[in-house]
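Asks: Below is the file start35.txt, which contains compact mmCIF, C-alpha atoms.
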# COMPACT_ATOMS: atom_id res chain seq x y z
CA MET A 8 -46.70 -191.08 -44.16
CA GLN A 9 -46.51 -187.64 -42.70
CA ALA A 10 -47.23 -187.43 -38.99
CA LYS A 11 -49.03 -184.74 -37.06
CA LEU A 12 -51.59 -182.76 -38.98
CA TRP A 13 -54.11 -180.76 -36.93
CA LEU A 14 -57.76 -181.14 -37.88
CA SER A 15 -60.84 -179.51 -36.38
CA CYS A 16 -64.12 -181.16 -35.35
CA THR A 17 -63.68 -184.41 -33.43
CA VAL A 18 -60.80 -185.78 -35.48
CA LEU A 19 -57.45 -184.22 -34.60
CA VAL A 20 -54.15 -185.19 -36.13
CA ALA A 21 -51.04 -183.92 -34.31
CA MET A 22 -48.76 -181.61 -36.35
CA VAL A 23 -44.97 -181.95 -36.42
CA ALA A 24 -44.05 -178.63 -34.89
CA VAL A 25 -41.19 -176.63 -36.36
CA SER A 26 -39.00 -175.72 -33.40
CA THR A 27 -35.62 -174.28 -32.64
CA VAL A 28 -34.34 -177.64 -31.42
CA ASN A 29 -31.81 -179.23 -33.77
CA ALA A 30 -31.11 -182.88 -34.44
CA ALA A 31 -28.12 -183.00 -32.09
CA ASP A 32 -30.38 -181.92 -29.24
CA TRP A 33 -32.51 -184.97 -29.92
CA GLY A 34 -29.54 -187.21 -29.15
CA LEU A 35 -28.58 -188.09 -32.70
CA LYS A 36 -24.84 -188.78 -32.98
CA LYS A 37 -22.65 -188.34 -36.01
CA GLY A 38 -22.12 -191.60 -37.82
CA ASN A 39 -23.24 -193.68 -40.79
CA ALA A 40 -26.79 -194.79 -41.52
CA ASP A 41 -25.82 -198.30 -42.61
CA LEU A 42 -29.12 -199.23 -44.24
CA LYS A 43 -29.55 -202.73 -45.61
CA SER A 44 -32.80 -201.60 -47.22
CA ALA A 45 -34.88 -198.43 -47.41
CA GLY A 46 -38.59 -199.00 -46.91
CA PRO A 47 -41.37 -197.03 -45.18
CA LEU A 48 -40.61 -193.38 -44.42
CA ALA A 49 -41.96 -190.75 -42.03
CA PHE A 50 -40.79 -187.46 -40.56
CA GLY A 51 -40.20 -186.63 -36.94
CA PRO A 52 -39.50 -183.11 -35.71
CA ASP A 53 -36.81 -180.76 -37.05
CA GLY A 54 -36.26 -182.48 -40.37
CA ILE A 55 -35.42 -185.87 -38.84
CA LEU A 56 -36.24 -188.60 -41.35
CA LEU A 57 -37.42 -191.97 -40.04
CA VAL A 58 -36.55 -194.93 -42.25
CA GLY A 59 -37.81 -198.47 -41.88
CA ASP A 60 -35.01 -200.88 -42.82
CA VAL A 61 -37.10 -203.95 -43.51
CA LYS A 62 -34.24 -206.40 -44.13
CA ALA A 63 -32.50 -205.43 -40.90
CA ALA A 64 -35.82 -205.07 -38.98
CA THR A 65 -34.44 -201.74 -37.76
CA VAL A 66 -35.74 -198.18 -37.66
CA PHE A 67 -33.30 -195.32 -38.34
CA ALA A 68 -33.57 -191.62 -37.49
CA ILE A 69 -31.45 -189.50 -39.84
CA ASP A 70 -30.72 -185.76 -39.62
CA THR A 71 -31.44 -184.38 -43.09
CA GLY A 72 -30.43 -180.81 -42.19
CA ASP A 73 -33.70 -179.83 -43.89
CA ALA A 74 -35.72 -178.07 -41.19
CA SER A 75 -37.16 -174.94 -42.83
CA GLY A 76 -39.05 -173.88 -45.93
CA ASP A 77 -42.55 -173.03 -47.11
CA PRO A 78 -44.64 -176.09 -48.14
CA GLY A 79 -47.43 -173.71 -49.14
CA LYS A 80 -45.38 -172.45 -52.08
CA VAL A 81 -44.16 -175.82 -53.39
CA SER A 82 -45.53 -177.59 -56.47
CA PHE A 83 -44.19 -180.59 -58.37
CA ASN A 84 -44.68 -182.05 -61.85
CA ILE A 85 -41.96 -184.61 -62.49
CA LYS A 86 -42.21 -187.10 -65.34
CA SER A 87 -40.36 -190.44 -65.39
CA LEU A 88 -39.68 -190.23 -61.68
CA ASN A 89 -38.14 -193.69 -61.47
CA GLU A 90 -35.58 -192.81 -64.17
CA LYS A 91 -34.66 -189.57 -62.38
CA VAL A 92 -34.33 -191.42 -59.06
CA ALA A 93 -32.00 -193.89 -60.79
CA ASP A 94 -29.87 -191.03 -62.13
CA ALA A 95 -29.65 -189.40 -58.69
CA ALA A 96 -28.68 -192.74 -57.09
CA GLY A 97 -26.16 -193.60 -59.82
CA ALA A 98 -28.07 -196.74 -60.76
CA SER A 99 -29.71 -198.34 -63.76
CA SER A 100 -33.37 -197.38 -64.17
CA ALA A 101 -34.15 -201.04 -64.82
CA ASN A 102 -32.86 -201.86 -61.35
CA VAL A 103 -34.63 -199.17 -59.31
CA THR A 104 -37.73 -199.75 -57.20
CA ILE A 105 -39.39 -196.85 -55.39
CA ASN A 106 -40.59 -198.04 -51.99
CA ASP A 107 -42.05 -194.95 -50.32
CA VAL A 108 -42.51 -191.21 -50.92
CA VAL A 109 -43.12 -188.61 -48.18
CA VAL A 110 -43.13 -184.85 -47.75
CA ASN A 111 -40.98 -183.13 -45.13
CA PRO A 112 -43.63 -180.95 -43.43
CA ALA A 113 -40.93 -178.51 -42.30
CA SER A 114 -39.76 -177.65 -45.83
CA GLY A 115 -42.10 -179.15 -48.44
CA ASN A 116 -39.22 -181.14 -49.94
CA VAL A 117 -40.03 -184.71 -51.01
CA TYR A 118 -38.06 -187.76 -49.87
CA ILE A 119 -38.01 -191.11 -51.64
CA SER A 120 -36.81 -194.49 -50.40
CA ALA A 121 -35.64 -196.89 -53.08
CA SER A 122 -33.72 -200.00 -53.93
CA ALA A 123 -31.08 -199.02 -56.50
CA ASP A 124 -28.96 -201.78 -58.04
CA GLY A 125 -29.73 -203.84 -54.94
CA LYS A 126 -28.62 -201.13 -52.50
CA ALA A 127 -30.62 -198.83 -50.23
CA ALA A 128 -30.96 -195.24 -51.40
CA ILE A 129 -32.71 -192.10 -50.14
CA VAL A 130 -33.35 -189.35 -52.70
CA ARG A 131 -34.57 -185.81 -52.06
CA ILE A 132 -36.54 -183.56 -54.43
CA ASP A 133 -36.15 -179.90 -53.50
CA ALA A 134 -38.66 -177.13 -54.10
CA SER A 135 -37.20 -176.41 -57.55
CA GLY A 136 -37.67 -180.04 -58.61
CA VAL A 137 -33.98 -181.03 -58.46
CA LEU A 138 -33.24 -184.59 -57.32
CA SER A 139 -30.20 -185.48 -55.23
CA GLN A 140 -29.11 -188.44 -53.17
CA VAL A 141 -29.35 -187.92 -49.40
CA LYS A 142 -26.04 -188.29 -47.60
CA LEU A 143 -26.00 -191.28 -45.24
CA GLU A 144 -22.38 -191.05 -44.03
CA GLY A 145 -21.14 -188.66 -41.35
CA VAL A 146 -24.65 -187.51 -40.42
CA GLY A 147 -26.62 -187.33 -37.19
CA VAL A 148 -28.15 -190.77 -36.77
CA ALA A 149 -29.81 -193.08 -34.29
CA LYS A 150 -31.25 -196.54 -34.76
CA VAL A 151 -33.04 -199.28 -32.87
CA ALA A 152 -33.56 -202.92 -33.87
CA LEU A 153 -37.04 -204.35 -33.44
CA PRO A 154 -37.17 -207.09 -30.81
CA ASN A 155 -38.91 -210.33 -31.73
CA ALA A 156 -38.59 -209.66 -35.47
CA PRO A 157 -39.35 -212.46 -37.95
CA GLU A 158 -36.42 -214.51 -39.19
CA ASP A 159 -35.00 -213.55 -42.59
CA LYS A 160 -35.87 -216.86 -44.21
CA VAL A 161 -38.18 -218.15 -46.96
CA VAL A 162 -40.64 -220.70 -45.56
CA GLY A 163 -43.93 -222.32 -46.50
CA GLU A 164 -45.33 -223.85 -49.66
CA GLY A 165 -47.47 -222.64 -52.55
CA ARG A 166 -49.41 -219.44 -51.84
CA ARG A 167 -48.13 -219.42 -48.26
CA ARG A 168 -44.48 -219.42 -49.35
CA GLY A 169 -42.69 -216.23 -48.40
CA ASN A 170 -40.22 -214.41 -46.18
CA ALA A 171 -41.90 -212.79 -43.18
CA ARG A 172 -38.89 -210.49 -42.73
CA ASP A 173 -40.17 -208.61 -45.80
CA GLU A 174 -43.11 -207.50 -43.64
CA SER A 175 -41.15 -206.75 -40.46
CA ILE A 176 -42.03 -203.07 -41.08
CA THR A 177 -45.05 -202.19 -43.21
CA ASP A 178 -45.55 -198.57 -42.09
CA LEU A 179 -44.40 -196.11 -39.44
CA ALA A 180 -45.30 -192.68 -38.08
CA TYR A 181 -44.10 -190.19 -35.49
CA SER A 182 -46.74 -189.11 -32.99
CA ASP A 183 -46.62 -187.40 -29.61
CA GLY A 184 -42.96 -188.11 -28.92
CA LYS A 185 -42.91 -191.72 -30.06
CA VAL A 186 -42.67 -193.77 -33.24
CA LEU A 187 -45.39 -196.30 -34.04
CA VAL A 188 -44.39 -199.20 -36.29
CA SER A 189 -46.66 -201.78 -37.92
CA GLY A 190 -45.52 -205.15 -39.23
CA VAL A 191 -45.46 -208.80 -38.20
CA SER A 192 -43.81 -210.92 -35.52
CA PRO A 193 -43.28 -214.68 -35.25
CA ASN A 194 -46.19 -216.86 -34.19
CA PRO A 195 -45.13 -218.81 -31.06
CA ASP A 196 -47.41 -221.63 -32.17
CA GLY A 197 -45.56 -221.89 -35.48
CA GLY A 198 -48.44 -220.68 -37.61
CA ARG A 199 -48.73 -217.60 -39.81
CA PRO A 200 -46.86 -214.52 -38.51
CA LEU A 201 -48.92 -212.29 -36.25
CA SER A 202 -49.93 -208.74 -37.08
CA THR A 203 -48.02 -206.51 -34.67
CA VAL A 204 -47.76 -202.84 -33.70
CA ARG A 205 -44.68 -201.61 -31.84
CA GLU A 206 -43.97 -198.39 -29.98
CA LEU A 207 -40.47 -196.89 -30.13
CA ALA A 208 -39.22 -194.17 -27.83
CA PHE A 209 -37.99 -191.12 -29.75
CA PRO A 210 -35.15 -190.53 -30.58
CA LEU A 211 -34.94 -194.31 -30.94
CA THR A 212 -33.51 -195.26 -27.59
CA SER A 213 -35.69 -198.33 -27.09
CA ALA A 214 -38.44 -200.45 -28.66
CA ASP A 215 -41.05 -202.62 -27.03
CA ALA A 216 -41.78 -206.18 -28.11
CA GLY A 217 -45.02 -204.99 -29.65
CA VAL A 218 -48.62 -206.03 -29.28
CA ASN A 219 -50.44 -208.47 -31.54
CA VAL A 220 -53.52 -206.87 -33.06
CA GLU A 221 -56.62 -208.65 -34.29
CA ILE A 222 -59.61 -207.49 -36.31
CA TYR A 223 -63.05 -208.60 -37.33
CA HIS A 224 -62.84 -208.92 -41.11
CA GLY A 225 -66.35 -208.52 -42.47
CA ALA A 226 -65.48 -209.73 -45.98
CA HIS A 227 -64.08 -212.96 -44.49
CA GLY A 228 -66.74 -213.24 -41.79
CA GLY A 229 -64.41 -213.81 -38.83
CA LEU A 230 -61.65 -212.70 -36.52
CA GLU A 231 -58.08 -212.49 -37.85
CA ASN A 232 -54.79 -211.99 -36.05
CA PHE A 233 -52.55 -212.43 -39.10
CA SER A 234 -53.98 -209.77 -41.43
CA THR A 235 -51.24 -207.13 -41.59
CA VAL A 236 -51.56 -203.37 -41.28
CA ARG A 237 -50.59 -201.95 -44.70
CA THR A 238 -50.88 -198.25 -43.93
CA PHE A 239 -52.04 -196.19 -40.95
CA VAL A 240 -52.46 -192.66 -39.63
CA PRO A 241 -52.24 -191.57 -35.97
CA PHE A 242 -54.75 -188.97 -34.81
CA ASN A 243 -57.06 -188.01 -31.95
CA ILE A 244 -60.69 -189.11 -31.98
CA ASP A 245 -62.93 -187.44 -29.40
CA GLY A 246 -59.82 -186.47 -27.45
CA LYS A 247 -58.28 -189.96 -27.49
CA PRO A 248 -54.98 -190.63 -29.29
CA SER A 249 -55.87 -193.26 -31.89
CA VAL A 250 -54.64 -195.10 -34.94
CA LEU A 251 -56.70 -195.72 -38.07
CA ALA A 252 -55.28 -198.68 -39.98
CA GLY A 253 -55.93 -200.08 -43.46
CA PHE A 254 -55.67 -203.84 -44.01
CA THR A 255 -55.66 -205.96 -47.14
CA CYS A 256 -59.10 -206.68 -48.59
CA THR A 257 -60.00 -203.79 -47.19
CA PRO A 258 -61.06 -203.38 -43.54
CA LEU A 259 -60.50 -199.95 -42.00
CA VAL A 260 -59.86 -200.40 -38.27
CA ARG A 261 -59.62 -198.03 -35.30
CA PHE A 262 -57.28 -198.64 -32.34
CA ASP A 263 -56.94 -196.66 -29.12
CA VAL A 264 -53.21 -195.92 -28.71
CA LYS A 265 -53.40 -196.68 -24.98
CA SER A 266 -54.60 -200.19 -25.77
CA LEU A 267 -51.43 -200.85 -27.78
CA LYS A 268 -49.44 -200.99 -24.53
CA SER A 269 -51.13 -204.26 -23.61
CA ASP A 270 -49.22 -207.51 -23.14
CA LYS A 271 -52.21 -209.36 -24.56
CA PRO A 272 -53.67 -209.27 -28.09
CA VAL A 273 -55.68 -206.13 -28.80
CA ARG A 274 -58.82 -206.16 -30.94
CA GLY A 275 -59.54 -203.04 -32.98
CA THR A 276 -62.91 -201.63 -34.02
CA THR A 277 -63.64 -202.22 -37.71
CA VAL A 278 -65.18 -198.92 -38.84
CA ALA A 279 -65.49 -199.78 -42.55
CA GLU A 280 -65.30 -202.56 -45.10
CA LEU A 281 -64.19 -200.99 -48.39
CA GLY A 282 -64.27 -203.96 -50.74
CA ASN A 283 -62.37 -207.21 -51.21
CA ARG A 284 -59.53 -208.16 -53.58
CA ASN A 285 -57.86 -204.86 -52.84
CA ARG A 286 -54.78 -203.61 -50.99
CA PRO A 287 -54.48 -200.11 -49.50
CA TYR A 288 -51.26 -198.35 -50.51
CA ASP A 289 -51.26 -195.06 -48.61
CA MET A 290 -53.57 -192.70 -46.77
CA ILE A 291 -53.70 -189.21 -45.31
CA VAL A 292 -56.19 -187.19 -43.29
CA TYR A 293 -57.15 -183.60 -44.15
CA GLU A 294 -59.86 -180.99 -43.72
CA LYS A 295 -61.97 -179.43 -46.44
CA GLY A 296 -65.30 -177.67 -46.44
CA GLY A 297 -65.42 -177.71 -42.66
CA GLU A 298 -65.26 -181.51 -42.58
CA SER A 299 -62.50 -184.05 -42.05
CA TRP A 300 -61.67 -186.67 -44.68
CA LEU A 301 -59.44 -189.67 -45.21
CA LEU A 302 -57.83 -190.05 -48.64
CA MET A 303 -56.72 -193.62 -49.44
CA ALA A 304 -54.91 -194.94 -52.52
CA ASN A 305 -55.63 -198.58 -53.38
CA SER A 306 -54.39 -201.31 -55.68
CA ALA A 307 -57.73 -202.21 -57.28
CA ARG A 308 -60.32 -199.68 -56.10
CA GLY A 309 -58.78 -196.34 -57.01
CA VAL A 310 -58.45 -193.38 -54.66
CA MET A 311 -61.16 -193.17 -52.03
CA LYS A 312 -62.31 -190.03 -50.22
CA ILE A 313 -63.67 -191.47 -46.99
CA SER A 314 -65.88 -189.64 -44.52
CA THR A 315 -64.66 -189.51 -40.91
CA LYS A 316 -68.08 -188.44 -39.61
CA ASP A 317 -68.91 -190.31 -36.37
CA ILE A 318 -65.80 -192.46 -36.76
CA GLY A 319 -65.44 -192.50 -32.98
CA ARG A 320 -68.71 -194.34 -32.42
CA SER A 321 -68.28 -197.33 -30.15
CA GLU A 322 -69.95 -199.95 -32.33
CA GLY A 323 -68.12 -201.50 -35.25
CA ILE A 324 -68.67 -204.13 -37.92
CA THR A 325 -69.10 -207.51 -36.23
CA ALA A 326 -71.13 -209.44 -38.82
CA PRO A 327 -70.20 -210.76 -42.28
CA VAL A 328 -70.30 -208.38 -45.23
CA GLY A 329 -70.90 -210.69 -48.17
CA GLY A 330 -70.32 -210.46 -51.89
CA GLY A 331 -67.34 -208.14 -51.66
CA GLY A 332 -69.71 -205.45 -50.38
CA VAL A 333 -68.97 -202.32 -48.40
CA ALA A 334 -70.18 -201.18 -44.98
CA GLY A 335 -69.43 -198.61 -42.31
CA GLN A 336 -67.86 -195.26 -43.20
CA THR A 337 -69.11 -193.91 -46.51
CA TYR A 338 -66.77 -192.95 -49.34
CA GLU A 339 -66.61 -191.73 -52.90
CA THR A 340 -64.11 -192.76 -55.57
CA VAL A 341 -62.04 -189.87 -56.96
CA THR A 342 -62.33 -190.97 -60.58
CA GLU A 343 -59.86 -188.44 -61.99
CA LEU A 344 -57.06 -189.95 -59.90
CA GLU A 345 -56.03 -193.17 -61.62
CA GLY A 346 -52.96 -195.32 -61.07
CA VAL A 347 -51.97 -193.64 -57.78
CA VAL A 348 -49.49 -195.80 -55.85
CA GLN A 349 -48.15 -193.21 -53.38
CA LEU A 350 -49.60 -190.10 -51.78
CA ASP A 351 -48.79 -187.67 -48.99
CA ARG A 352 -50.08 -184.36 -47.72
CA LEU A 353 -48.09 -181.36 -48.96
CA ASN A 354 -49.92 -178.52 -47.21
CA ASP A 355 -53.42 -177.52 -46.10
CA THR A 356 -54.83 -177.57 -49.65
CA HIS A 357 -52.61 -179.89 -51.70
CA ALA A 358 -51.07 -183.36 -51.74
CA ILE A 359 -48.40 -185.08 -53.80
CA ILE A 360 -49.10 -188.30 -55.68
CA VAL A 361 -47.04 -190.85 -57.59
CA VAL A 362 -48.85 -192.34 -60.59
CA GLN A 363 -47.94 -195.66 -62.18
CA ASN A 364 -48.20 -195.46 -65.98
CA GLU A 365 -48.60 -198.25 -68.51
CA GLY A 366 -45.15 -199.43 -69.47
CA GLY A 367 -43.72 -198.99 -65.98
CA SER A 368 -42.79 -195.31 -65.75
CA GLN A 369 -43.94 -193.26 -62.78
CA ASP A 370 -44.78 -189.56 -62.47
CA LEU A 371 -44.91 -187.34 -59.40
CA ALA A 372 -47.36 -184.43 -59.28
CA THR A 373 -49.06 -181.98 -56.94
CA ILE A 374 -52.85 -182.18 -56.74
CA GLU A 375 -55.51 -180.15 -54.99
CA LEU A 376 -57.03 -182.09 -52.11
CA PRO A 377 -60.45 -183.30 -53.36
Starting from the file, lay out its structure as structure tokens.

Replies:
Amino acid sequence: MQAKLWLSCTVLVAMVAVSTVNAADWGLKKGNADLKSAGPLAFGPDGILLVGDVKAATVFAIDTGDASGDPGKVSFNIKSLNEKVADAAGASSANVTINDVVVNPASGNVYISASADGKAAIVRIDASGVLSQVKLEGVGVAKVALPNAPEDKVVGEGRRRGNARDESITDLAYSDGKVLVSGVSPNPDGGRPLSTVRELAFPLTSADAGVNVEIYHGAHGGLENFSTVRTFVPFNIDGKPSVLAGFTCTPLVRFDVKSLKSDKPVRGTTVAELGNRNRPYDMIVYEKGGESWLLMANSARGVMKISTKDIGRSEGITAPVGGGGVAGQTYETVTELEGVVQLDRLNDTHAIIVVQNEGGSQDLATIELP
């Protein structure tokens, strides 16, 4: 997810400013980014890449040395992306999984996190479409481990069997001098892990224990504190720094950033129910036609163009939404975008998408924002 995009009207997303500060001035020290895994990605200022290492429950900040360029002049059309990522990482294409794809807003270059032959890899695509592995040794780096992270252990039975460490970090974003991280933390009562949002000081000098977040899930007709944030965007609503978060099955929930400093569970405002049996993959916010929109890629319900009109209203969904129905913010399905599993904003008029094809291959392309 790309942080800090300015929008007009009442919805404002902060833009990562290109400055003359370099990574060393942010306190990054030369060393090795010893990733155990490479998961969610985001960019901070000055080409600093943020990497969620899910297996280590740690967030890294890595100096890419990639702090200038012209995203407005970049366009991509790369077939068989997963095979090309494997080649760049020196791995077998059968043993490569792409985990996240983001655009560096300072340059327009694309960065990919992957598992390659069981090892963490970061691959860059430059403006000419050339792929190369990002150097992780002898670079400016900082890291912070998440306190109160779930144990790396498979527990439970049947459908509940799983390893909560795999959801220690589900998404992250840089906003207003801090890094927000979604994921789960252990339940002190021994039940299902709790949905949690953490705030990290930038450049990763400390992390709080996080706040447990709960939502009213209209499709399920009740409150939930275990439903995990899958993707989110930070932005200002009516002058208030906020987070808009997508959950499985598919509530869209608004949180006031100030509320996330609480030492007690925080309940968000459910602004939309977008249909059950669905998982949101990625989302961005952009402006077109004088209005602000949210673009969300989903597992079962395609790509949605969601209106942000009146999204700051105080009331939310607090009653059941039956039959897998929808409620709240209106949306339209972008029917020409099929199989999208990753997306990010490239510039004011275009985005990049990754499309999953039948047979397993993936393609990366530039599209005009709908």

Asks: In the coordinates of the file, take the point (-58.8, -202.8, -48.2) and a cut-off of 12 Å; then, counting all atoms listed in the file, name each qualifying protein, DNA or RNA residue as a ChimeraX atom specification.

Replies: /A:224-226,234-239,252-260,277-290,303-311,331-334

Asks: Extract, using only C-alpha atoms, all DNA, RNA and protein residues at most 8 Å from Leu179 (chain A), discarding same-chain residues fewer than 6 positions from it, and format them as a ChimeraX atom specification.

Replies: /A:8,47-49,59,186-189,239

Asks: Would you save the residues of that selection, restricted to C-alpha atoms, as a PDB file, keeping the file's coordinate frame?

Replies:
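The resulting selection_3.pdb:
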ATOM      1  CA  MET A   8     -46.700-191.080 -44.160  1.00  0.00           C
ATOM      2  CA  PRO A  47     -41.370-197.030 -45.180  1.00  0.00           C
ATOM      3  CA  LEU A  48     -40.610-193.380 -44.420  1.00  0.00           C
ATOM      4  CA  ALA A  49     -41.960-190.750 -42.030  1.00  0.00           C
ATOM      5  CA  GLY A  59     -37.810-198.470 -41.880  1.00  0.00           C
ATOM      6  CA  VAL A 186     -42.670-193.770 -33.240  1.00  0.00           C
ATOM      7  CA  LEU A 187     -45.390-196.300 -34.040  1.00  0.00           C
ATOM      8  CA  VAL A 188     -44.390-199.200 -36.290  1.00  0.00           C
ATOM      9  CA  SER A 189     -46.660-201.780 -37.920  1.00  0.00           C
ATOM     10  CA  PHE A 239     -52.040-196.190 -40.950  1.00  0.00           C
TER      11      PHE A 239
END

Asks: So what do you get for CA of Ala45 (chain A) versus CA of Asp60 (chain A), distance-wise?

Replies: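 Value for the CA of Ala45 (chain A)-CA of Asp60 (chain A) distance: 5.2 Å.
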
Asks: Do you have the CA of Pro327 (chain A)-CA of Tyr223 (chain A) distance handy?

Replies: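 Separating CA of Pro327 (chain A) from CA of Tyr223 (chain A) is a distance of 9.0 Å.
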
Asks: Out of A:Ala326, A:Leu88, A:Ile374, A:Val110, which residue has the shortest atom-to-atom distance to Asp351 (chain A) when counting all atoms listed in the file?

Replies: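 Comparing A:Ala326, A:Leu88, A:Ile374, A:Val110 against Asp351 (chain A), the winner is A:Val110.
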